[in-house]
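Trainee: Just one file: coords-v4.cif, with mmCIF, C-alpha atoms.
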```cif
data_work
#
loop_
_atom_site.group_PDB
_atom_site.id
_atom_site.type_symbol
_atom_site.label_atom_id
_atom_site.label_comp_id
_atom_site.auth_asym_id
_atom_site.auth_seq_id
_atom_site.Cartn_x
_atom_site.Cartn_y
_atom_site.Cartn_z
ATOM 1 C CA MET A 1 -9.246 -13.288 0.208
ATOM 2 C CA ALA A 2 -10.878 -12.298 3.521
ATOM 3 C CA LEU A 3 -11.508 -8.684 2.554
ATOM 4 C CA ILE A 4 -13.154 -9.496 -0.763
ATOM 5 C CA ASP A 5 -15.298 -12.175 0.878
ATOM 6 C CA LYS A 6 -16.249 -9.738 3.612
ATOM 7 C CA ILE A 7 -17.248 -6.984 1.209
ATOM 8 C CA PHE A 8 -18.588 -8.870 -1.780
ATOM 9 C CA GLY A 9 -19.628 -12.140 -0.160
ATOM 10 C CA SER A 10 -21.906 -10.675 2.475
ATOM 11 C CA LYS A 11 -25.668 -10.735 2.231
ATOM 12 C CA LYS A 12 -25.577 -7.032 1.458
ATOM 13 C CA THR A 13 -25.076 -6.052 -2.138
ATOM 14 C CA LEU A 14 -22.215 -3.726 -2.857
ATOM 15 C CA SER A 15 -24.578 -0.856 -3.628
ATOM 16 C CA ARG A 16 -26.078 -1.138 -0.139
ATOM 17 C CA LEU A 17 -22.787 -0.856 1.740
ATOM 18 C CA THR A 18 -22.637 2.432 3.604
ATOM 19 C CA ARG A 19 -19.820 4.958 3.601
ATOM 20 C CA GLN A 20 -19.408 4.263 7.311
ATOM 21 C CA GLU A 21 -18.901 0.534 6.722
ATOM 22 C CA LEU A 22 -16.342 1.193 4.014
ATOM 23 C CA ARG A 23 -14.584 3.778 6.175
ATOM 24 C CA LYS A 24 -14.390 1.289 9.045
ATOM 25 C CA GLU A 25 -12.665 -1.234 6.776
ATOM 26 C CA GLU A 26 -10.364 1.536 5.561
ATOM 27 C CA ILE A 27 -9.267 2.334 9.121
ATOM 28 C CA LEU A 28 -8.679 -1.326 9.966
ATOM 29 C CA LEU A 29 -6.606 -1.872 6.833
ATOM 30 C CA THR A 30 -4.578 1.274 7.504
ATOM 31 C CA ARG A 31 -3.722 -0.024 10.976
ATOM 32 C CA GLN A 32 -2.706 -3.404 9.566
ATOM 33 C CA ARG A 33 -0.554 -1.713 6.934
ATOM 34 C CA ASP A 34 1.139 0.468 9.565
ATOM 35 C CA ARG A 35 1.955 -2.593 11.686
ATOM 36 C CA LEU A 36 3.554 -4.201 8.633
ATOM 37 C CA PHE A 37 5.639 -1.049 8.085
ATOM 38 C CA GLU A 38 6.938 -1.360 11.649
ATOM 39 C CA ARG A 39 7.592 -5.074 11.237
ATOM 40 C CA LEU A 40 9.597 -4.539 8.057
ATOM 41 C CA GLU A 41 11.644 -1.749 9.614
ATOM 42 C CA LYS A 42 12.410 -3.989 12.589
ATOM 43 C CA LEU A 43 13.494 -6.839 10.313
ATOM 44 C CA VAL A 44 15.803 -4.552 8.336
ATOM 45 C CA GLY A 45 17.400 -3.361 11.586
ATOM 46 C CA GLU A 46 17.867 -6.937 12.819
ATOM 47 C CA LYS A 47 19.465 -7.977 9.524
ATOM 48 C CA GLN A 48 21.873 -5.060 9.646
ATOM 49 C CA LYS A 49 22.880 -6.031 13.187
ATOM 50 C CA ILE A 50 23.403 -9.672 12.174
ATOM 51 C CA PHE A 51 25.500 -8.594 9.193
ATOM 52 C CA GLN A 52 27.731 -6.423 11.371
ATOM 53 C CA GLN A 53 28.125 -9.247 13.894
ATOM 54 C CA GLY A 54 29.249 -11.582 11.124
ATOM 55 C CA ALA A 55 31.706 -9.006 9.789
ATOM 56 C CA GLY A 56 33.322 -8.782 13.220
ATOM 57 C CA GLN A 57 33.580 -12.551 13.688
ATOM 58 C CA LYS A 58 36.371 -14.867 12.594
ATOM 59 C CA SER A 59 34.822 -18.141 13.730
ATOM 60 C CA PRO A 60 33.365 -20.065 10.761
ATOM 61 C CA GLU A 61 30.833 -21.749 13.044
ATOM 62 C CA ILE A 62 29.496 -18.478 14.388
ATOM 63 C CA ARG A 63 29.411 -16.952 10.924
ATOM 64 C CA LYS A 64 27.487 -19.954 9.637
ATOM 65 C CA ALA A 65 24.905 -19.589 12.400
ATOM 66 C CA LEU A 66 24.610 -15.867 11.715
ATOM 67 C CA ALA A 67 24.244 -16.525 7.983
ATOM 68 C CA GLN A 68 21.391 -18.941 8.643
ATOM 69 C CA THR A 69 19.681 -16.406 10.888
ATOM 70 C CA PHE A 70 20.167 -13.714 8.239
ATOM 71 C CA GLU A 71 18.583 -15.983 5.644
ATOM 72 C CA LEU A 72 15.576 -16.676 7.879
ATOM 73 C CA LYS A 73 15.118 -12.978 8.532
ATOM 74 C CA THR A 74 15.237 -12.346 4.783
ATOM 75 C CA GLN A 75 12.522 -14.916 4.146
ATOM 76 C CA GLU A 76 10.403 -13.327 6.866
ATOM 77 C CA GLN A 77 11.024 -9.929 5.294
ATOM 78 C CA MET A 78 9.884 -11.150 1.874
ATOM 79 C CA LEU A 79 6.689 -12.595 3.342
ATOM 80 C CA ALA A 80 5.971 -9.379 5.219
ATOM 81 C CA ALA A 81 6.629 -7.331 2.071
ATOM 82 C CA ARG A 82 4.153 -9.458 0.105
ATOM 83 C CA GLU A 83 1.562 -9.068 2.852
ATOM 84 C CA LEU A 84 2.145 -5.319 2.806
ATOM 85 C CA THR A 85 1.447 -5.255 -0.932
ATOM 86 C CA LEU A 86 -1.774 -7.210 -0.401
ATOM 87 C CA ARG A 87 -2.960 -4.878 2.364
ATOM 88 C CA SER A 88 -2.109 -1.845 0.219
ATOM 89 C CA LYS A 89 -4.162 -3.203 -2.684
ATOM 90 C CA GLU A 90 -7.066 -3.970 -0.360
ATOM 91 C CA LEU A 91 -6.862 -0.491 1.128
ATOM 92 C CA LEU A 92 -6.916 1.035 -2.342
ATOM 93 C CA THR A 93 -9.977 -1.055 -3.238
ATOM 94 C CA VAL A 94 -11.958 0.068 -0.206
ATOM 95 C CA SER A 95 -10.893 3.696 -0.710
ATOM 96 C CA ARG A 96 -12.079 3.645 -4.316
ATOM 97 C CA LEU A 97 -15.420 2.086 -3.377
ATOM 98 C CA ARG A 98 -15.932 4.698 -0.672
ATOM 99 C CA LEU A 99 -15.112 7.442 -3.175
ATOM 100 C CA ILE A 100 -17.777 6.171 -5.568
ATOM 101 C CA LYS A 101 -20.304 5.861 -2.753
ATOM 102 C CA GLU A 102 -19.665 9.417 -1.572
ATOM 103 C CA ARG A 103 -19.914 10.900 -5.053
ATOM 104 C CA ASN A 104 -23.079 8.958 -5.840
ATOM 105 C CA GLU A 105 -24.669 10.235 -2.635
ATOM 106 C CA ARG A 106 -23.769 13.786 -3.666
ATOM 107 C CA GLY A 107 -25.419 13.178 -7.023
ATOM 108 C CA LYS A 108 -22.143 13.205 -8.941
ATOM 109 C CA ALA A 109 -22.046 10.017 -10.983
ATOM 110 C CA ALA A 110 -18.451 8.820 -11.010
ATOM 111 C CA GLY A 111 -17.809 5.105 -11.106
ATOM 112 C CA LEU A 112 -19.928 1.991 -10.930
ATOM 113 C CA LEU A 113 -21.087 -0.021 -7.930
ATOM 114 C CA ASN A 114 -22.889 -2.780 -9.838
ATOM 115 C CA LEU A 115 -19.916 -5.129 -10.116
ATOM 116 C CA THR A 116 -20.565 -8.589 -11.523
ATOM 117 C CA ASP A 117 -19.282 -11.867 -10.091
ATOM 118 C CA GLY A 118 -16.705 -11.866 -12.887
ATOM 119 C CA ASP A 119 -15.514 -8.415 -11.812
ATOM 120 C CA VAL A 120 -15.084 -9.614 -8.234
ATOM 121 C CA VAL A 121 -13.075 -12.621 -9.435
ATOM 122 C CA ARG A 122 -10.797 -10.343 -11.447
ATOM 123 C CA ILE A 123 -10.273 -7.988 -8.504
ATOM 124 C CA THR A 124 -9.406 -10.930 -6.249
ATOM 125 C CA GLN A 125 -6.932 -12.322 -8.782
ATOM 126 C CA TRP A 126 -5.246 -8.938 -9.228
ATOM 127 C CA ILE A 127 -4.876 -8.484 -5.474
ATOM 128 C CA GLU A 128 -3.308 -11.915 -4.996
ATOM 129 C CA ASP A 129 -1.099 -11.801 -8.108
ATOM 130 C CA ASP A 130 2.440 -10.769 -7.106
ATOM 131 C CA ALA A 131 3.155 -9.836 -10.722
ATOM 132 C CA VAL A 132 0.507 -7.118 -10.553
ATOM 133 C CA SER A 133 2.193 -4.113 -8.942
ATOM 134 C CA GLN A 134 0.264 -1.520 -6.956
ATOM 135 C CA ASP A 135 0.449 0.937 -9.857
ATOM 136 C CA ILE A 136 -0.878 -1.621 -12.340
ATOM 137 C CA TYR A 137 -3.588 -2.670 -9.909
ATOM 138 C CA GLN A 138 -4.651 0.937 -9.396
ATOM 139 C CA HIS A 139 -4.953 1.458 -13.150
ATOM 140 C CA ARG A 140 -6.932 -1.758 -13.672
ATOM 141 C CA LEU A 141 -9.222 -1.090 -10.737
ATOM 142 C CA ASP A 142 -9.966 2.455 -11.855
ATOM 143 C CA SER A 143 -10.715 1.196 -15.357
ATOM 144 C CA LEU A 144 -13.039 -1.491 -14.010
ATOM 145 C CA LEU A 145 -14.850 0.989 -11.786
ATOM 146 C CA GLU A 146 -14.878 3.520 -14.621
ATOM 147 C CA LEU A 147 -13.127 6.156 -12.543
ATOM 148 C CA GLY A 148 -11.881 8.482 -15.219
ATOM 149 C CA ALA A 149 -10.727 12.062 -15.474
ATOM 150 C CA ASP A 150 -14.119 13.300 -14.270
ATOM 151 C CA ALA A 151 -13.591 11.701 -10.865
ATOM 152 C CA ASP A 152 -12.672 13.789 -7.841
ATOM 153 C CA ALA A 153 -8.903 14.128 -8.275
ATOM 154 C CA ASN A 154 -8.229 15.030 -4.663
ATOM 155 C CA ALA A 155 -10.212 12.094 -3.298
ATOM 156 C CA ILE A 156 -8.490 9.693 -5.660
ATOM 157 C CA ALA A 157 -5.097 11.047 -4.684
ATOM 158 C CA GLY A 158 -5.930 10.360 -1.054
ATOM 159 C CA ALA A 159 -6.090 6.619 -1.773
ATOM 160 C CA GLY A 160 -2.916 6.605 -3.842
ATOM 161 C CA LEU A 161 -0.069 9.135 -3.871
ATOM 162 C CA THR A 162 -0.473 12.875 -4.110
ATOM 163 C CA ALA A 163 1.937 15.046 -6.076
ATOM 164 C CA ALA A 164 3.759 15.673 -2.793
ATOM 165 C CA GLY A 165 4.106 11.954 -2.224
ATOM 166 C CA GLN A 166 5.431 11.512 -5.737
ATOM 167 C CA GLU A 167 8.088 14.132 -5.016
ATOM 168 C CA LEU A 168 9.207 12.167 -1.972
ATOM 169 C CA MET A 169 9.417 8.990 -4.035
ATOM 170 C CA LYS A 170 11.572 10.887 -6.533
ATOM 171 C CA VAL A 171 14.009 12.032 -3.835
ATOM 172 C CA TRP A 172 14.301 8.497 -2.470
ATOM 173 C CA SER A 173 15.062 7.266 -5.971
ATOM 174 C CA GLU A 174 17.780 9.916 -6.310
ATOM 175 C CA MET A 175 19.257 8.757 -2.997
ATOM 176 C CA ASP A 176 19.395 5.196 -4.315
ATOM 177 C CA LYS A 177 21.379 6.493 -7.298
ATOM 178 C CA GLY A 178 23.684 8.560 -5.097
ATOM 179 C CA VAL A 179 22.531 11.866 -6.591
ATOM 180 C CA VAL A 180 21.706 13.308 -3.151
ATOM 181 C CA LYS A 181 22.854 12.141 0.263
ATOM 182 C CA GLY A 182 22.087 12.382 3.964
ATOM 183 C CA ASP A 183 20.711 15.597 5.403
ATOM 184 C CA ARG A 184 20.642 17.236 1.984
ATOM 185 C CA ALA A 185 18.280 14.512 0.768
ATOM 186 C CA PHE A 186 15.914 15.026 3.698
ATOM 187 C CA ALA A 187 15.983 18.802 3.243
ATOM 188 C CA ALA A 188 15.268 18.423 -0.470
ATOM 189 C CA ALA A 189 12.410 16.011 0.183
ATOM 190 C CA ASP A 190 10.915 18.196 2.906
ATOM 191 C CA GLN A 191 11.054 21.300 0.714
ATOM 192 C CA ALA A 192 9.626 19.491 -2.312
ATOM 193 C CA VAL A 193 6.676 18.190 -0.299
ATOM 194 C CA ARG A 194 6.075 21.624 1.250
ATOM 195 C CA ASN A 195 6.114 23.242 -2.191
ATOM 196 C CA ARG A 196 3.670 20.710 -3.611
ATOM 197 C CA GLN A 197 1.305 21.114 -0.679
ATOM 198 C CA ALA A 198 1.479 24.890 -1.022
ATOM 199 C CA ASP A 199 0.642 24.643 -4.731
ATOM 200 C CA ALA A 200 -2.290 22.355 -3.987
ATOM 201 C CA SER A 201 -3.754 24.798 -1.449
ATOM 202 C CA ILE A 202 -3.781 27.694 -3.950
#
```
Before we go any further, please render this structure as structure tokens.
Mentor:
Amino acid sequence: MALIDKIFGSKKTLSRLTRQELRKEEILLTRQRDRLFERLEKLVGEKQKIFQQGAGQKSPEIRKALAQTFELKTQEQMLAARELTLRSKELLTVSRLRLIKERNERGKAAGLLNLTDGDVVRITQWIEDDAVSQDIYQHRLDSLLELGADADANAIAGAGLTAAGQELMKVWSEMDKGVVKGDRAFAAADQAVRNRQADASI
């Protein structure tokens, strides 16, 4: 894992990494994640186009070729989705480490920076394990770093999902189930996020 090697395998100990160094990695990972978002959206659009082309064709040969292309695009999509999960876990890791560093510098002890080699191995395994979802990884990482209820809730939310983000996820889930549709779904999501952000600012 390049990120883990870069952070934990350098000559610097973890406790000596600066907030600026961690923030730089955070920005780079965010850019990589955003490019993967765009790649996945493009693949979905290409697959939809291929599917429609096949639906309008009667030639078995052309349909076969389109089916093969669709399958290849699906494989590429799965690989990109896995890479997106990896980048998201890495981004969460760096965000958490930066949070601890910032709080320690402010004299608010929240979380540990003295990770052992065994801890690093576990983090690497969790990042690379497809069976470990982002939510599970977040819970395990926070437990390992001892980021509990006393941690800065707003800073933690910045690395994961805020209440507003959770509301958006809820609306998307309702769309999947057919509970809300189209413009009504967007309006509901937009209002829910606005309400959550308003509550948070009070």
Trainee: Could you check which of A:Asn104, A:Gly118, A:Leu66, A:Phe186 is closest to Gln52 of chain A, using all atoms listed in the file?
Mentor: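 When distances to Gln52 of chain A are compared using all atoms listed in the file, the smallest one comes from A:Leu66.
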Trainee: Any idea what the distance is between atom CA of Trp172 of chain A and atom CA of Arg35 of chain A?
Mentor: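 These atoms are spaced 21.8 Å apart.
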Trainee: If I take atom CA of Lys73 of chain A and atom CA of Lys47 of chain A, how far is one from the other in Å, to one decimal?
Mentor: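 Going from atom CA of Lys73 of chain A over to atom CA of Lys47 of chain A, I get 6.7 Å.
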Trainee: Considering only C-alpha atoms, state which residue in the set A:Glu76, A:Glu128, A:Glu83, A:Asp119 is at the smallest distance from Val44 of chain A.
Mentor: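 Nearest to Val44 of chain A: A:Glu76.
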Trainee: Please expand the PyMOL selection byres ((chain A and resi 37) around 12) into the concrete residues it hits in this file, giving the result as a PDB file with C-alpha atoms, in the coordinates of the input.
Mentor:
```pdb
ATOM      1  CA  THR A  30      -4.578   1.274   7.504  1.00  0.00           C
ATOM      2  CA  ARG A  31      -3.722  -0.024  10.976  1.00  0.00           C
ATOM      3  CA  GLN A  32      -2.706  -3.404   9.566  1.00  0.00           C
ATOM      4  CA  ARG A  33      -0.554  -1.713   6.934  1.00  0.00           C
ATOM      5  CA  ASP A  34       1.139   0.468   9.565  1.00  0.00           C
ATOM      6  CA  ARG A  35       1.955  -2.593  11.686  1.00  0.00           C
ATOM      7  CA  LEU A  36       3.554  -4.201   8.633  1.00  0.00           C
ATOM      8  CA  GLU A  38       6.938  -1.360  11.649  1.00  0.00           C
ATOM      9  CA  ARG A  39       7.592  -5.074  11.237  1.00  0.00           C
ATOM     10  CA  LEU A  40       9.597  -4.539   8.057  1.00  0.00           C
ATOM     11  CA  GLU A  41      11.644  -1.749   9.614  1.00  0.00           C
ATOM     12  CA  LYS A  42      12.410  -3.989  12.589  1.00  0.00           C
ATOM     13  CA  LEU A  43      13.494  -6.839  10.313  1.00  0.00           C
ATOM     14  CA  VAL A  44      15.803  -4.552   8.336  1.00  0.00           C
ATOM     15  CA  GLN A  77      11.024  -9.929   5.294  1.00  0.00           C
ATOM     16  CA  ALA A  80       5.971  -9.379   5.219  1.00  0.00           C
ATOM     17  CA  ALA A  81       6.629  -7.331   2.071  1.00  0.00           C
ATOM     18  CA  ARG A  82       4.153  -9.458   0.105  1.00  0.00           C
ATOM     19  CA  GLU A  83       1.562  -9.068   2.852  1.00  0.00           C
ATOM     20  CA  LEU A  84       2.145  -5.319   2.806  1.00  0.00           C
ATOM     21  CA  THR A  85       1.447  -5.255  -0.932  1.00  0.00           C
ATOM     22  CA  ARG A  87      -2.960  -4.878   2.364  1.00  0.00           C
ATOM     23  CA  SER A  88      -2.109  -1.845   0.219  1.00  0.00           C
TER      24      SER A  88
END
```
Trainee: When you count all atoms listed in the file, which of these residues is closest to Arg122 of chain A: A:Arg98, A:Arg106, A:Arg140, A:Lys24?
Mentor: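 Comparing A:Arg98, A:Arg106, A:Arg140, A:Lys24 against Arg122 of chain A, the winner is A:Arg140.
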Trainee: I'd like the interatomic distance between atom CA of Gln134 of chain A and atom CA of Leu72 of chain A, to a tenth of an Å.
Mentor: 26.2 Å
Trainee: Any chance you could work out the residue set of the PyMOL selection byres ((chain A and resi 127) around 12) here, as a PyMOL selection string?
Mentor: chain A and resi 1-4+82-93+120-126+128-138+140-141
Trainee: Applied to the shown file, which residues does the PyMOL selection byres ((chain A and resi 54) around 12) return, written as a tab-separated table (two decimals) with C-alpha atoms, in the frame of the given file?
Mentor:
```
chain	number	residue	atom	x	y	z
A	47	LYS	CA	19.46	-7.98	9.52
A	48	GLN	CA	21.87	-5.06	9.65
A	49	LYS	CA	22.88	-6.03	13.19
A	50	ILE	CA	23.40	-9.67	12.17
A	51	PHE	CA	25.50	-8.59	9.19
A	52	GLN	CA	27.73	-6.42	11.37
A	53	GLN	CA	28.12	-9.25	13.89
A	55	ALA	CA	31.71	-9.01	9.79
A	56	GLY	CA	33.32	-8.78	13.22
A	57	GLN	CA	33.58	-12.55	13.69
A	58	LYS	CA	36.37	-14.87	12.59
A	59	SER	CA	34.82	-18.14	13.73
A	60	PRO	CA	33.36	-20.07	10.76
A	61	GLU	CA	30.83	-21.75	13.04
A	62	ILE	CA	29.50	-18.48	14.39
A	63	ARG	CA	29.41	-16.95	10.92
A	64	LYS	CA	27.49	-19.95	9.64
A	65	ALA	CA	24.90	-19.59	12.40
A	66	LEU	CA	24.61	-15.87	11.72
A	67	ALA	CA	24.24	-16.52	7.98
A	68	GLN	CA	21.39	-18.94	8.64
A	69	THR	CA	19.68	-16.41	10.89
A	70	PHE	CA	20.17	-13.71	8.24
```
Trainee: Pick out the closest residue to Glu146 of chain A from this set: A:Val180, A:Leu79, A:Ile100, A:Val171. Count all atoms listed in the file.
Mentor: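 Of all the options, A:Ile100 lies closest to Glu146 of chain A.
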Trainee: Can you put N, CA and C atoms back into segment 120-150 of chain A and show it as a compact mmCIF listing (two decimals), keeping the file's coordinate frame?
Mentor:
```
# COMPACT_ATOMS: atom_id res chain seq x y z
N VAL A 120 -15.61 -9.29 -9.56
CA VAL A 120 -15.08 -9.61 -8.23
C VAL A 120 -13.96 -10.63 -8.35
N VAL A 121 -14.13 -11.62 -9.22
CA VAL A 121 -13.08 -12.62 -9.44
C VAL A 121 -11.81 -11.96 -9.95
N ARG A 122 -11.96 -11.04 -10.89
CA ARG A 122 -10.80 -10.34 -11.45
C ARG A 122 -10.08 -9.51 -10.38
N ILE A 123 -10.87 -8.80 -9.57
CA ILE A 123 -10.27 -7.99 -8.50
C ILE A 123 -9.48 -8.87 -7.54
N THR A 124 -10.07 -10.00 -7.16
CA THR A 124 -9.41 -10.93 -6.25
C THR A 124 -8.11 -11.44 -6.84
N GLN A 125 -8.13 -11.82 -8.11
CA GLN A 125 -6.93 -12.32 -8.78
C GLN A 125 -5.85 -11.26 -8.86
N TRP A 126 -6.23 -10.03 -9.15
CA TRP A 126 -5.25 -8.94 -9.23
C TRP A 126 -4.61 -8.66 -7.88
N ILE A 127 -5.41 -8.73 -6.82
CA ILE A 127 -4.88 -8.48 -5.47
C ILE A 127 -3.86 -9.54 -5.10
N GLU A 128 -4.16 -10.80 -5.42
CA GLU A 128 -3.31 -11.92 -5.00
C GLU A 128 -2.14 -12.17 -5.94
N ASP A 129 -2.16 -11.57 -7.12
CA ASP A 129 -1.10 -11.80 -8.11
C ASP A 129 0.11 -10.91 -7.81
N ASP A 130 1.23 -11.53 -7.43
CA ASP A 130 2.44 -10.77 -7.11
C ASP A 130 2.98 -10.01 -8.31
N ALA A 131 2.66 -10.48 -9.51
CA ALA A 131 3.16 -9.84 -10.72
C ALA A 131 2.41 -8.53 -11.02
N VAL A 132 1.28 -8.34 -10.37
CA VAL A 132 0.51 -7.12 -10.55
C VAL A 132 0.93 -6.12 -9.49
N SER A 133 1.71 -5.12 -9.89
CA SER A 133 2.19 -4.11 -8.94
C SER A 133 1.04 -3.23 -8.48
N GLN A 134 1.30 -2.42 -7.46
CA GLN A 134 0.26 -1.52 -6.96
C GLN A 134 -0.17 -0.52 -8.02
N ASP A 135 0.79 -0.02 -8.81
CA ASP A 135 0.45 0.94 -9.86
C ASP A 135 -0.44 0.30 -10.92
N ILE A 136 -0.08 -0.92 -11.34
CA ILE A 136 -0.88 -1.62 -12.34
C ILE A 136 -2.27 -1.92 -11.79
N TYR A 137 -2.30 -2.36 -10.53
CA TYR A 137 -3.59 -2.67 -9.91
C TYR A 137 -4.47 -1.43 -9.85
N GLN A 138 -3.88 -0.30 -9.48
CA GLN A 138 -4.65 0.94 -9.40
C GLN A 138 -5.25 1.29 -10.75
N HIS A 139 -4.47 1.14 -11.80
CA HIS A 139 -4.95 1.46 -13.15
C HIS A 139 -6.09 0.52 -13.55
N ARG A 140 -5.90 -0.78 -13.30
CA ARG A 140 -6.93 -1.76 -13.67
C ARG A 140 -8.21 -1.55 -12.87
N LEU A 141 -8.05 -1.28 -11.58
CA LEU A 141 -9.22 -1.09 -10.74
C LEU A 141 -10.00 0.15 -11.16
N ASP A 142 -9.29 1.23 -11.42
CA ASP A 142 -9.97 2.46 -11.86
C ASP A 142 -10.69 2.25 -13.18
N SER A 143 -10.08 1.48 -14.07
CA SER A 143 -10.72 1.20 -15.36
C SER A 143 -11.98 0.36 -15.16
N LEU A 144 -11.90 -0.62 -14.28
CA LEU A 144 -13.04 -1.49 -14.01
C LEU A 144 -14.19 -0.71 -13.38
N LEU A 145 -13.83 0.19 -12.47
CA LEU A 145 -14.85 0.99 -11.79
C LEU A 145 -15.25 2.22 -12.59
N GLU A 146 -14.60 2.38 -13.74
CA GLU A 146 -14.88 3.52 -14.62
C GLU A 146 -14.65 4.85 -13.92
N LEU A 147 -13.54 4.91 -13.18
CA LEU A 147 -13.13 6.16 -12.54
C LEU A 147 -12.17 6.86 -13.48
N GLY A 148 -12.69 7.79 -14.23
CA GLY A 148 -11.88 8.48 -15.22
C GLY A 148 -11.48 9.86 -14.78
N ALA A 149 -11.20 10.72 -15.76
CA ALA A 149 -10.73 12.06 -15.47
C ALA A 149 -11.78 12.91 -14.78
N ASP A 150 -13.06 12.50 -14.88
CA ASP A 150 -14.12 13.30 -14.27
C ASP A 150 -14.26 13.02 -12.78
```
